[in-house]
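Undergrad: Structure file target.cif, mmCIF, C-alpha atoms and all ligand atoms, is pasted below:
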data_structure
#
loop_
_atom_site.label_atom_id
_atom_site.label_comp_id
_atom_site.auth_asym_id
_atom_site.auth_seq_id
_atom_site.Cartn_x
_atom_site.Cartn_y
_atom_site.Cartn_z
CA LEU A 272 82.19 62.16 85.85
CA ASP A 273 81.93 58.56 84.86
CA ARG A 274 80.31 57.26 88.04
CA LEU A 275 76.56 57.08 88.60
CA PHE A 276 74.32 55.59 91.26
CA ILE A 277 70.72 54.83 90.35
CA THR A 278 69.02 54.55 93.73
CA HIS A 279 65.51 53.61 94.91
CA ILE A 280 64.80 51.16 92.08
CA GLY A 281 61.47 49.53 92.91
CA ALA A 282 62.20 46.39 90.89
CA LEU A 283 65.27 45.51 88.83
CA ALA A 284 64.63 42.97 86.05
CA LEU A 285 67.73 40.95 85.14
CA PRO A 286 67.36 38.67 82.10
CA ASP A 287 69.57 35.64 82.63
CA PRO A 288 72.23 35.42 79.90
CA ALA A 289 72.80 31.71 80.54
CA ARG A 290 69.23 30.51 80.19
CA THR A 291 68.48 29.95 76.53
CA GLY A 292 66.33 26.85 76.20
CA VAL A 293 63.01 26.20 77.89
CA LEU A 294 62.76 29.54 79.57
CA ASN A 295 60.03 29.46 82.22
CA LEU A 296 61.50 32.09 84.55
CA PRO A 297 64.37 33.58 82.55
CA VAL A 298 64.33 36.95 84.35
CA ASP A 299 65.54 37.44 87.92
CA VAL A 300 63.94 40.32 89.83
CA ILE A 301 65.50 42.22 92.74
CA HIS A 302 63.14 44.50 94.70
CA ASP A 303 64.12 47.83 96.29
CA THR A 304 67.70 48.07 95.18
CA TRP A 305 70.33 50.30 93.52
CA LEU A 306 72.89 50.12 90.73
CA GLU A 307 76.40 51.50 90.59
CA ILE A 308 77.64 52.35 87.10
CA GLU A 309 81.23 53.10 86.21
CA ASP A 310 82.65 53.86 82.77
CA GLY A 311 79.33 53.00 81.16
CA ARG A 312 79.05 49.54 82.70
CA VAL A 313 77.21 48.09 85.68
CA LYS A 314 79.73 47.74 88.48
CA GLN A 315 77.60 46.67 91.41
CA ILE A 316 74.00 45.83 92.32
CA GLY A 317 72.67 46.46 95.82
CA ALA A 318 71.02 43.81 97.95
CA ALA A 319 67.25 43.40 97.90
CA GLY A 320 65.56 45.76 100.37
CA GLU A 321 68.50 48.21 100.22
CA PRO A 322 67.24 51.19 98.17
CA LYS A 323 70.48 53.17 98.34
CA PRO A 324 74.17 52.37 98.82
CA PRO A 325 76.04 53.01 102.05
CA ASP A 326 77.30 56.63 102.03
CA SER A 327 80.17 57.22 99.69
CA THR A 328 82.57 60.19 99.84
CA ALA A 329 83.49 59.98 96.17
CA ALA A 330 81.80 62.52 93.92
CA ALA A 331 79.20 60.82 91.77
CA LEU A 332 75.97 61.51 90.00
CA ARG A 333 72.94 60.11 91.70
CA TYR A 334 69.63 59.39 90.05
CA HIS A 335 66.69 58.81 92.41
CA ALA A 336 64.50 56.32 90.54
CA GLY A 337 61.57 56.90 92.89
CA GLY A 338 60.50 53.26 93.04
CA ARG A 339 60.41 52.84 89.26
CA LEU A 340 60.97 49.53 87.47
CA ALA A 341 64.38 49.19 85.78
CA THR A 342 64.92 46.88 82.81
CA PRO A 343 67.72 46.57 80.25
CA GLY A 344 67.24 48.67 77.13
CA PHE A 345 65.64 46.69 74.33
CA VAL A 346 67.78 45.13 71.60
CA ASP A 347 65.82 45.15 68.32
CA ALA A 348 67.54 42.51 66.18
CA HIS A 349 65.65 43.10 62.91
CA THR A 350 64.87 46.51 61.41
CA HIS A 351 64.72 48.16 57.96
CA PRO A 352 65.03 51.89 58.81
CA VAL A 353 66.72 53.17 55.60
CA PHE A 354 63.79 54.32 53.47
CA ILE A 355 62.35 57.62 52.31
CA SER A 356 58.56 57.39 52.33
CA TRP A 357 55.94 55.60 54.37
CA ARG A 358 53.61 53.33 52.36
CA SER A 359 50.31 54.16 54.01
CA GLY A 360 48.62 54.06 50.61
CA GLU A 361 49.04 50.29 50.58
CA PHE A 362 47.19 50.02 53.90
CA LEU A 363 43.75 50.66 52.40
CA ARG A 364 44.50 48.37 49.46
CA ARG A 365 45.37 45.53 51.81
CA ILE A 366 42.27 46.15 53.94
CA ARG A 367 40.21 45.88 50.74
CA GLY A 368 41.73 42.49 50.06
CA GLU A 369 44.91 42.83 47.98
CA THR A 370 47.76 40.70 49.32
CA TYR A 371 51.30 41.89 50.02
CA GLN A 372 52.45 39.81 47.03
CA GLN A 373 49.77 41.27 44.70
CA ILE A 374 50.73 44.83 45.67
CA ALA A 375 54.42 44.01 45.07
CA ALA A 376 53.61 42.47 41.67
CA ALA A 377 51.83 45.71 40.71
CA GLY A 378 54.96 47.79 41.40
CA GLY A 379 54.18 48.69 45.02
CA GLY A 380 55.75 47.08 48.05
CA ILE A 381 59.53 46.92 48.35
CA LEU A 382 60.03 48.30 44.83
CA SER A 383 58.30 51.59 45.68
CA SER A 384 60.79 52.00 48.55
CA VAL A 385 63.60 51.17 46.14
CA ARG A 386 62.61 54.09 43.89
CA GLY A 387 62.77 56.40 46.93
CA VAL A 388 66.21 55.29 48.09
CA ARG A 389 67.75 55.38 44.63
CA SER A 390 66.73 59.01 44.16
CA ALA A 391 67.91 60.12 47.64
CA THR A 392 71.26 61.41 48.86
CA VAL A 393 73.12 59.82 51.74
CA GLU A 394 72.42 62.95 53.83
CA GLN A 395 68.67 62.75 53.20
CA LEU A 396 68.65 59.11 54.24
CA ALA A 397 70.82 59.75 57.31
CA GLU A 398 68.51 62.54 58.49
CA LEU A 399 65.49 60.23 58.29
CA VAL A 400 67.36 57.39 60.03
CA ARG A 401 68.34 59.84 62.81
CA LYS A 402 64.67 60.70 63.45
CA ARG A 403 63.83 57.00 63.52
CA LEU A 404 66.63 56.38 66.02
CA ASP A 405 65.08 59.10 68.22
CA ARG A 406 61.80 57.20 68.13
CA PHE A 407 63.48 53.88 68.98
CA LEU A 408 65.02 55.53 72.04
CA GLU A 409 61.68 56.96 73.19
CA LEU A 410 60.26 53.44 73.02
CA GLY A 411 63.10 51.99 75.10
CA THR A 412 65.28 50.50 72.37
CA THR A 413 68.98 51.21 72.94
CA THR A 414 70.51 48.94 70.26
CA ILE A 415 69.25 47.93 66.82
CA GLU A 416 70.31 45.73 63.98
CA ALA A 417 69.58 47.75 60.80
CA LYS A 418 69.44 46.54 57.23
CA SER A 419 70.00 48.18 53.88
CA GLY A 420 67.93 46.55 51.14
CA TYR A 421 66.00 49.30 49.36
CA GLY A 422 68.85 50.28 47.03
CA LEU A 423 69.56 47.02 45.15
CA THR A 424 72.56 48.35 43.24
CA VAL A 425 76.11 48.31 44.57
CA GLU A 426 76.11 52.09 44.82
CA ASP A 427 72.67 52.41 46.45
CA GLU A 428 73.23 49.61 48.97
CA LEU A 429 76.55 51.16 50.06
CA LYS A 430 74.82 54.54 50.25
CA SER A 431 72.19 53.04 52.57
CA LEU A 432 74.87 51.52 54.82
CA ARG A 433 76.74 54.85 54.90
CA ALA A 434 73.52 56.59 55.95
CA LEU A 435 73.26 54.17 58.87
CA HIS A 436 76.85 54.90 59.92
CA THR A 437 76.37 58.67 59.60
CA ALA A 438 73.18 58.63 61.68
CA ALA A 439 74.56 56.26 64.33
CA ALA A 440 77.81 58.21 64.78
CA ALA A 441 75.91 61.09 66.37
CA HIS A 442 73.23 59.15 68.23
CA PRO A 443 73.01 57.23 71.51
CA VAL A 444 71.23 54.25 69.89
CA GLU A 445 73.84 51.68 68.84
CA VAL A 446 73.45 50.31 65.31
CA SER A 447 74.71 47.01 63.90
CA PRO A 448 74.45 47.34 60.09
CA THR A 449 73.49 44.45 57.81
CA LEU A 450 73.81 44.35 54.03
CA LEU A 451 70.51 43.11 52.56
CA GLY A 452 71.29 43.51 48.88
CA ALA A 453 69.48 40.18 48.45
CA HIS A 454 66.14 41.64 49.57
CA THR A 455 64.31 41.26 46.27
CA ILE A 456 65.21 41.04 42.58
CA PRO A 457 65.23 44.61 41.18
CA PRO A 458 63.20 45.25 38.00
CA GLU A 459 66.26 45.59 35.75
CA HIS A 460 67.29 42.00 36.66
CA ARG A 461 63.81 40.39 36.65
CA HIS A 462 64.65 38.52 33.45
CA ASN A 463 67.72 36.95 35.08
CA PRO A 464 67.68 36.64 38.91
CA ASP A 465 70.90 34.58 38.88
CA GLU A 466 72.71 37.49 37.26
CA TYR A 467 71.57 39.78 40.11
CA THR A 468 72.63 37.16 42.69
CA THR A 469 76.08 37.17 41.06
CA LEU A 470 76.20 40.97 41.38
CA VAL A 471 75.34 40.69 45.10
CA CYS A 472 77.92 37.95 45.70
CA ASP A 473 80.81 39.15 43.54
CA ARG A 474 80.56 42.91 43.89
CA MET A 475 78.16 44.12 46.60
CA ILE A 476 79.25 41.89 49.50
CA PRO A 477 83.01 42.30 48.90
CA ALA A 478 82.59 46.09 48.54
CA ALA A 479 80.61 46.40 51.80
CA ALA A 480 83.12 44.22 53.64
CA ALA A 481 86.14 46.09 52.24
CA ALA A 482 84.67 49.42 53.33
CA ARG A 483 83.77 47.94 56.75
CA LEU A 484 80.19 49.10 56.30
CA ALA A 485 78.39 45.93 57.42
CA ASP A 486 78.59 43.46 60.29
CA ALA A 487 76.40 40.90 58.54
CA VAL A 488 74.83 39.77 55.28
CA ASP A 489 71.14 38.87 54.97
CA VAL A 490 69.04 37.21 52.24
CA PHE A 491 65.27 36.92 51.73
CA LEU A 492 64.54 33.29 50.90
CA GLU A 493 60.96 33.14 49.63
CA GLU A 494 58.87 32.42 46.57
CA GLY A 495 59.19 35.56 44.43
CA ALA A 496 62.42 36.63 46.16
CA PHE A 497 65.53 34.38 46.29
CA THR A 498 65.66 30.60 45.81
CA LEU A 499 67.46 28.17 48.10
CA PRO A 500 70.46 27.78 45.71
CA GLN A 501 70.71 31.58 45.39
CA ALA A 502 70.53 32.01 49.18
CA ARG A 503 73.34 29.46 49.53
CA ARG A 504 75.50 31.50 47.14
CA VAL A 505 74.83 34.66 49.20
CA PHE A 506 75.84 32.80 52.39
CA GLU A 507 79.02 31.50 50.75
CA ALA A 508 79.95 35.02 49.64
CA GLY A 509 79.13 36.46 53.08
CA ARG A 510 81.22 33.85 54.83
CA LYS A 511 84.12 34.40 52.43
CA ALA A 512 83.97 38.13 53.20
CA GLY A 513 84.14 37.39 56.94
CA LEU A 514 80.67 38.71 57.72
CA SER A 515 78.02 37.21 59.99
CA LEU A 516 75.00 35.65 58.29
CA ARG A 517 71.25 36.23 58.66
CA ILE A 518 68.28 34.96 56.71
CA HIS A 519 64.65 35.95 56.19
CA ALA A 520 63.01 32.53 55.78
CA ASP A 521 59.76 30.58 56.10
CA GLN A 522 57.72 33.82 56.31
CA PHE A 523 54.98 32.89 53.85
CA THR A 524 56.07 29.38 52.81
CA SER A 525 58.48 26.78 54.17
CA GLY A 526 61.61 26.75 52.01
CA GLY A 527 64.58 25.03 53.62
CA GLY A 528 66.02 28.15 55.25
CA ALA A 529 66.37 26.54 58.67
CA ALA A 530 68.69 23.82 57.40
CA LEU A 531 70.74 26.35 55.43
CA ALA A 532 71.09 28.68 58.47
CA ALA A 533 72.11 25.73 60.65
CA GLU A 534 74.63 24.43 58.09
CA PHE A 535 76.35 27.82 57.84
CA GLY A 536 76.11 28.67 61.57
CA ALA A 537 74.12 31.83 60.85
CA LEU A 538 73.85 34.37 63.66
CA SER A 539 70.07 34.54 63.20
CA ALA A 540 67.19 32.98 61.28
CA ASP A 541 64.33 35.44 61.09
CA HIS A 542 60.53 35.10 60.70
CA MET A 543 60.42 31.26 60.73
CA ASP A 544 56.60 31.37 60.88
CA HIS A 545 56.30 28.11 58.90
CA THR A 546 59.35 26.15 60.08
CA ASP A 547 58.76 22.46 60.75
CA GLU A 548 59.93 20.42 63.74
CA ALA A 549 63.00 19.06 61.93
CA GLY A 550 64.06 22.61 61.05
CA LEU A 551 63.64 23.79 64.65
CA LYS A 552 65.84 20.94 65.89
CA LEU A 553 68.59 21.89 63.40
CA LEU A 554 68.46 25.55 64.48
CA ALA A 555 68.67 24.55 68.16
CA GLN A 556 71.61 22.19 67.58
CA ALA A 557 73.51 24.83 65.59
CA GLY A 558 72.83 27.55 68.18
CA VAL A 559 71.17 29.84 65.62
CA THR A 560 68.99 32.49 67.30
CA VAL A 561 65.46 32.55 65.87
CA VAL A 562 64.21 36.12 65.54
CA LEU A 563 60.43 36.24 66.01
CA LEU A 564 58.59 39.00 64.13
CA PRO A 565 54.92 38.86 65.17
CA GLY A 566 54.31 42.47 64.11
CA ALA A 567 54.62 41.55 60.43
CA VAL A 568 52.18 38.63 60.82
CA PHE A 569 49.71 40.91 62.61
CA PHE A 570 50.01 43.87 60.24
CA LEU A 571 49.65 41.70 57.13
CA GLY A 572 46.44 40.32 58.62
CA LEU A 573 47.81 36.77 58.68
CA ASN A 574 47.25 34.12 61.31
CA ASP A 575 50.31 31.88 61.19
CA TYR A 576 52.43 33.16 64.04
CA ALA A 577 55.77 31.43 64.52
CA PRO A 578 55.49 28.36 66.78
CA ALA A 579 57.37 29.98 69.65
CA ARG A 580 56.34 27.45 72.30
CA ARG A 581 57.45 24.57 70.10
CA MET A 582 60.72 26.43 69.53
CA LEU A 583 61.29 26.62 73.27
CA ASP A 584 60.32 22.96 73.69
CA ASN A 585 63.02 22.17 71.12
CA ASN A 586 65.59 24.30 72.99
CA CYS A 587 65.75 27.02 70.32
CA ARG A 588 67.04 30.36 71.48
CA ILE A 589 64.55 33.10 70.56
CA ALA A 590 64.72 36.85 70.08
CA LEU A 591 61.80 39.22 69.60
CA ALA A 592 62.13 42.09 67.11
CA THR A 593 59.94 44.60 65.28
CA ASP A 594 60.86 44.07 61.60
CA PHE A 595 60.33 47.86 61.45
CA ASN A 596 59.77 48.74 57.76
CA PRO A 597 57.37 50.90 55.74
CA GLY A 598 55.41 48.01 54.24
CA SER A 599 54.71 45.05 56.50
CA CYS A 600 55.46 46.51 59.95
CA PRO A 601 55.65 50.29 60.41
CA THR A 602 55.90 50.19 64.23
CA GLN A 603 59.10 50.62 66.21
CA SER A 604 57.61 49.44 69.51
CA LEU A 605 59.11 46.38 71.15
CA PRO A 606 56.62 46.67 74.03
CA LEU A 607 53.87 46.15 71.45
CA MET A 608 55.75 43.14 70.03
CA MET A 609 55.90 41.74 73.58
CA THR A 610 52.10 42.01 73.77
CA LEU A 611 51.71 40.15 70.46
CA ALA A 612 54.22 37.50 71.55
CA CYS A 613 52.25 36.92 74.76
CA ILE A 614 48.77 36.90 73.20
CA LYS A 615 49.50 35.22 69.86
CA MET A 616 52.53 33.03 70.64
CA LYS A 617 51.75 32.28 74.29
CA LEU A 618 55.07 33.49 75.63
CA THR A 619 54.97 34.56 79.27
CA PRO A 620 55.72 38.27 79.88
CA ALA A 621 59.09 37.24 81.35
CA GLU A 622 59.93 35.18 78.26
CA ALA A 623 58.91 38.09 76.02
CA LEU A 624 61.15 40.47 78.00
CA TRP A 625 64.02 38.00 77.78
CA ALA A 626 63.56 37.66 74.02
CA ALA A 627 63.41 41.46 73.49
CA THR A 628 66.61 42.07 75.48
CA MET A 629 68.94 39.09 75.97
CA GLY A 630 67.56 37.26 72.93
CA GLY A 631 68.21 40.32 70.75
CA ALA A 632 71.73 40.54 72.17
CA TYR A 633 72.37 36.93 71.14
CA ALA A 634 71.05 37.67 67.65
CA LEU A 635 73.62 40.47 67.41
CA GLY A 636 76.45 38.34 68.79
CA ALA A 637 76.69 40.85 71.66
CA ASN A 638 75.34 38.67 74.46
CA ASP A 639 78.44 39.19 76.62
CA ARG A 640 77.96 42.99 76.57
CA ILE A 641 74.26 43.95 76.31
CA GLY A 642 70.82 42.44 77.03
CA THR A 643 70.95 42.33 80.83
CA LEU A 644 72.20 44.49 83.72
CA LYS A 645 74.38 42.02 85.57
CA PRO A 646 77.78 43.42 86.69
CA GLY A 647 80.08 43.93 83.70
CA TYR A 648 77.24 44.53 81.25
CA GLN A 649 76.73 47.87 79.51
CA ALA A 650 74.49 50.24 81.50
CA ASP A 651 71.71 50.50 78.89
CA ILE A 652 68.69 50.98 81.14
CA CYS A 653 64.98 51.84 80.88
CA LEU A 654 63.02 53.16 83.85
CA TRP A 655 59.26 52.55 83.82
CA VAL A 656 56.34 53.72 85.94
CA ALA A 657 55.37 50.12 86.69
CA ASP A 658 55.50 47.71 89.60
CA ASP A 659 56.79 44.80 87.53
CA ALA A 660 57.85 43.90 83.99
CA ASP A 661 54.57 42.09 83.26
CA PHE A 662 53.02 45.55 83.06
CA ILE A 663 54.98 46.30 79.84
CA PRO A 664 53.14 43.85 77.53
CA TYR A 665 49.94 44.23 79.56
CA SER A 666 49.88 47.96 78.89
CA PHE A 667 49.02 47.14 75.29
CA GLY A 668 49.96 49.90 72.82
CA ASN A 669 50.66 52.31 75.70
CA ALA A 670 53.98 51.26 77.18
CA SER A 671 57.05 53.45 76.87
CA PRO A 672 59.81 54.14 79.38
CA GLU A 673 59.98 57.36 81.37
CA ALA A 674 63.76 57.57 81.19
CA VAL A 675 66.50 55.81 79.20
CA PHE A 676 70.22 55.52 79.91
CA LYS A 677 72.80 54.47 77.31
CA ARG A 678 76.23 53.44 78.60
CA GLY A 679 75.33 55.05 81.92
CA LYS A 680 74.31 58.42 80.42
CA LEU A 681 70.77 59.75 80.73
CA VAL A 682 69.92 60.11 77.02
CA TYR A 683 66.13 60.41 77.13
CA ARG A 684 63.59 61.38 79.75
CA ARG A 685 60.01 62.52 79.84
CA SER A 686 59.38 65.73 81.75
CA SER A 687 57.82 63.72 84.58
CA ALA A 688 61.07 61.81 85.21
CA PRO A 689 63.68 63.04 87.72
CA THR A 690 66.96 64.59 86.59
CA ALA A 691 70.33 63.42 87.89
CA ASP A 692 71.86 65.29 90.84
CA LEU A 693 75.49 65.66 91.71
CA ILE A 694 76.27 64.58 95.24
CA GLN A 695 79.51 64.86 97.15
ZN ZN B 701 62.76 41.98 57.47
#
Represent the structure from my file as structure tokens, please.
TA:
Amino acid sequence: LDRLFITHIGALALPDPARTGVLNLPVDVIHDTWLEIEDGRVKQIGAAGEPKPPDSTAAALRYHAGGRLATPGFVDAHTHPVFISWRSGEFLRRIRGETYQQIAAAGGGILSSVRGVRSATVEQLAELVRKRLDRFLELGTTTIEAKSGYGLTVEDELKSLRALHTAAAAHPVEVSPTLLGAHTIPPEHRHNPDEYTTLVCDRMIPAAAAARLADAVDVFLEEGAFTLPQARRVFEAGRKAGLSLRIHADQFTSGGGAALAAEFGALSADHMDHTDEAGLKLLAQAGVTVVLLPGAVFFLGLNDYAPARRMLDNNCRIALATDFNPGSCPTQSLPLMMTLACIKMKLTPAEALWAATMGGAYALGANDRIGTLKPGYQADICLWVADDADFIPYSFGNASPEAVFKRGKLVYRRSSAPTADLIQ
């Protein structure tokens, strides 16, 4: 059966796909309603105050939502899930005062994850990614962007992308893979970063594109990572290979990434914690989605959160993502990111929900398919024991959905959630 009614929805939150500038109230809410889903997409939404559809004779599954809140599944537009080991050992060192950069310089940080990935098989990596996809689903995330970037050789980057494909093929969470060969300069190229950039541009990017392993190319523009001229070369190679472009920029220092992303029409510019007003205007004009990553700012014990309100004032489109990775942000919870965005960036709960759903969909170039539950959109749905969506960021560190649907199929539920019944 490919037809499902979700009835008795207490409140249905519908992020508005058209509203992308100053957001204010970017989420429409319909109270006491139902959804009809056909072939994995929303076909029809009931009127407010109409908890179930008029009787239908057609056989269909029916799911009694019992007054629960329904939201779109989250779209996490920035994750690094292809790694072997957690880096909890660095946690104590950072608490005692070492910086992320000092730990990296001493052989920890990204390079310790690189050692893990290089020594792993594709199956080992895929099995770990699969478990992490399970956790995303439990936290309400139904689509992720996922980066390689802990291999840093042609072979190990392609292996990481293959692990993503293998894990995603057998999992309800949808994955959009990104090649992040330009994550950091590996030790064997430290003496000549330009030589490594050439390897990324001339061999890694064309190989990933030829094997259809990546949707996008990403580069980390930062002191100690890649320079602006090197990032430009990566963008040129990505564009030549026909891939979408992303950039990690302005995380610790301001480095011209906004102008580069705008010039190349990048799909997303991520972090942007130190972007100036001129940069924000360029991003807005070029329609580049800014991916906000407050979890990394929080977990590194920093205080410079991205200027989200100024971004909205400048008509930037924003997304909210986790930056899930073993070093600077080991959480997979978008509800927790919503809390940080509200408290630290002064987004309203509705703006945070918009950014974690519709904003993420824009950052994936999938805004005509996911991110809301208007008719025609994919039926990726979370049900919550909550009266309204403000409860999600309010319920700080506690919020997770009770049931999750992907393309109209019930793919996760807690034991307290109803099961679907067949009706005639
Ligand atoms: Zn990142």
Undergrad: Between atom CA of Leu283 of chain A and atom CA of Ala341 of chain A, what is the distance, to one decimal in Å?
TA: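 Here the two named atoms are 4.9 Å from each other.
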Undergrad: Identify, counting all atoms listed in the file, the protein, DNA and RNA residues located within 8 Å of ligand ZN 701 (chain B), and give them as a list in words.
TA: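 Those residues are His349, Thr350, His351, His519, Asp541, His542, Asp594, Phe595 and Asn596 of chain A.
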Undergrad: Would you list the contacts of Pro464 of chain A as a list in words, taking every protein, DNA or RNA residue within 12 Å and counting all atoms listed in the file, but skipping same-chain residues closer than 2 positions in sequence?
TA: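 Counting only the stated atoms, we get Ala453, His454, Thr455, Ile456, Pro457, Pro458, Glu459, His460, Arg461, His462, Glu466, Tyr467, Thr468, Thr469, Leu470, Val471, Gly495, Ala496, Phe497, Thr498, Pro500, Gln501 and Ala502 of chain A.
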Undergrad: Selection from above, C-alpha atoms, as a PDB file, keeping the file's coordinate frame, can you write it?
TA:
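Full text of out-v5.pdb as output:
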ATOM      1  CA  ALA A 453      69.480  40.180  48.450  1.00  0.00           C
ATOM      2  CA  HIS A 454      66.140  41.640  49.570  1.00  0.00           C
ATOM      3  CA  THR A 455      64.310  41.260  46.270  1.00  0.00           C
ATOM      4  CA  ILE A 456      65.210  41.040  42.580  1.00  0.00           C
ATOM      5  CA  PRO A 457      65.230  44.610  41.180  1.00  0.00           C
ATOM      6  CA  PRO A 458      63.200  45.250  38.000  1.00  0.00           C
ATOM      7  CA  GLU A 459      66.260  45.590  35.750  1.00  0.00           C
ATOM      8  CA  HIS A 460      67.290  42.000  36.660  1.00  0.00           C
ATOM      9  CA  ARG A 461      63.810  40.390  36.650  1.00  0.00           C
ATOM     10  CA  HIS A 462      64.650  38.520  33.450  1.00  0.00           C
ATOM     11  CA  GLU A 466      72.710  37.490  37.260  1.00  0.00           C
ATOM     12  CA  TYR A 467      71.570  39.780  40.110  1.00  0.00           C
ATOM     13  CA  THR A 468      72.630  37.160  42.690  1.00  0.00           C
ATOM     14  CA  THR A 469      76.080  37.170  41.060  1.00  0.00           C
ATOM     15  CA  LEU A 470      76.200  40.970  41.380  1.00  0.00           C
ATOM     16  CA  VAL A 471      75.340  40.690  45.100  1.00  0.00           C
ATOM     17  CA  GLY A 495      59.190  35.560  44.430  1.00  0.00           C
ATOM     18  CA  ALA A 496      62.420  36.630  46.160  1.00  0.00           C
ATOM     19  CA  PHE A 497      65.530  34.380  46.290  1.00  0.00           C
ATOM     20  CA  THR A 498      65.660  30.600  45.810  1.00  0.00           C
ATOM     21  CA  PRO A 500      70.460  27.780  45.710  1.00  0.00           C
ATOM     22  CA  GLN A 501      70.710  31.580  45.390  1.00  0.00           C
ATOM     23  CA  ALA A 502      70.530  32.010  49.180  1.00  0.00           C
TER      24      ALA A 502
END
Undergrad: Give me the residues near Val346 of chain A as a PyMOL selection string, where near means some atom within 7 Å (using only C-alpha atoms) and where sequence neighbours in that chain fewer than 4 positions away do not count.
TA: chain A and resi 412-415+627-628+631-632+642
Undergrad: Pick the closest to Val444 of chain A from A:Val488, A:Ala397, A:Val675, A:Met582: which is it, counting only C-alpha atoms?
TA: A:Val675
Undergrad: From the set A:Gly572, A:Pro288, A:Gly317, A:Gly536, which residue has the shortest atom-to-atom contact distance to Gln556 of chain A, counting only C-alpha atoms?
TA: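 Checking each of A:Gly572, A:Pro288, A:Gly317, A:Gly536 against Gln556 of chain A, counting only C-alpha atoms, the winner is A:Gly536.
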Undergrad: Please complete segment 607-611 of chain A so it has all heavy atoms, and hand it over as a compact mmCIF listing (two decimals), in the coordinates of the input.
TA:
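Written output follows (part_23.txt):
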# COMPACT_ATOMS: atom_id res chain seq x y z
N LEU A 607 55.02 46.68 72.18
CA LEU A 607 53.87 46.15 71.45
C LEU A 607 54.15 44.73 70.92
O LEU A 607 53.28 43.86 70.93
CB LEU A 607 53.50 47.10 70.30
CG LEU A 607 52.26 46.75 69.48
CD1 LEU A 607 51.03 46.60 70.36
CD2 LEU A 607 52.01 47.82 68.41
N MET A 608 55.38 44.49 70.48
CA MET A 608 55.75 43.14 70.03
C MET A 608 55.67 42.15 71.19
O MET A 608 55.30 40.98 71.02
CB MET A 608 57.18 43.11 69.45
CG MET A 608 57.40 43.96 68.22
SD MET A 608 56.26 43.63 66.87
CE MET A 608 55.17 45.03 67.03
N MET A 609 56.01 42.61 72.40
CA MET A 609 55.90 41.74 73.58
C MET A 609 54.44 41.35 73.80
O MET A 609 54.12 40.19 74.10
CB MET A 609 56.46 42.44 74.82
CG MET A 609 57.99 42.58 74.80
SD MET A 609 58.61 43.64 76.14
CE MET A 609 58.22 42.66 77.59
N THR A 610 53.53 42.32 73.62
CA THR A 610 52.10 42.01 73.77
C THR A 610 51.69 40.94 72.76
O THR A 610 51.03 39.95 73.10
CB THR A 610 51.25 43.27 73.55
OG1 THR A 610 51.67 44.28 74.48
CG2 THR A 610 49.77 42.97 73.76
N LEU A 611 52.07 41.13 71.49
CA LEU A 611 51.71 40.15 70.46
C LEU A 611 52.32 38.78 70.76
O LEU A 611 51.67 37.74 70.57
CB LEU A 611 52.18 40.63 69.07
CG LEU A 611 51.47 41.85 68.51
CD1 LEU A 611 52.10 42.24 67.17
CD2 LEU A 611 49.98 41.59 68.33
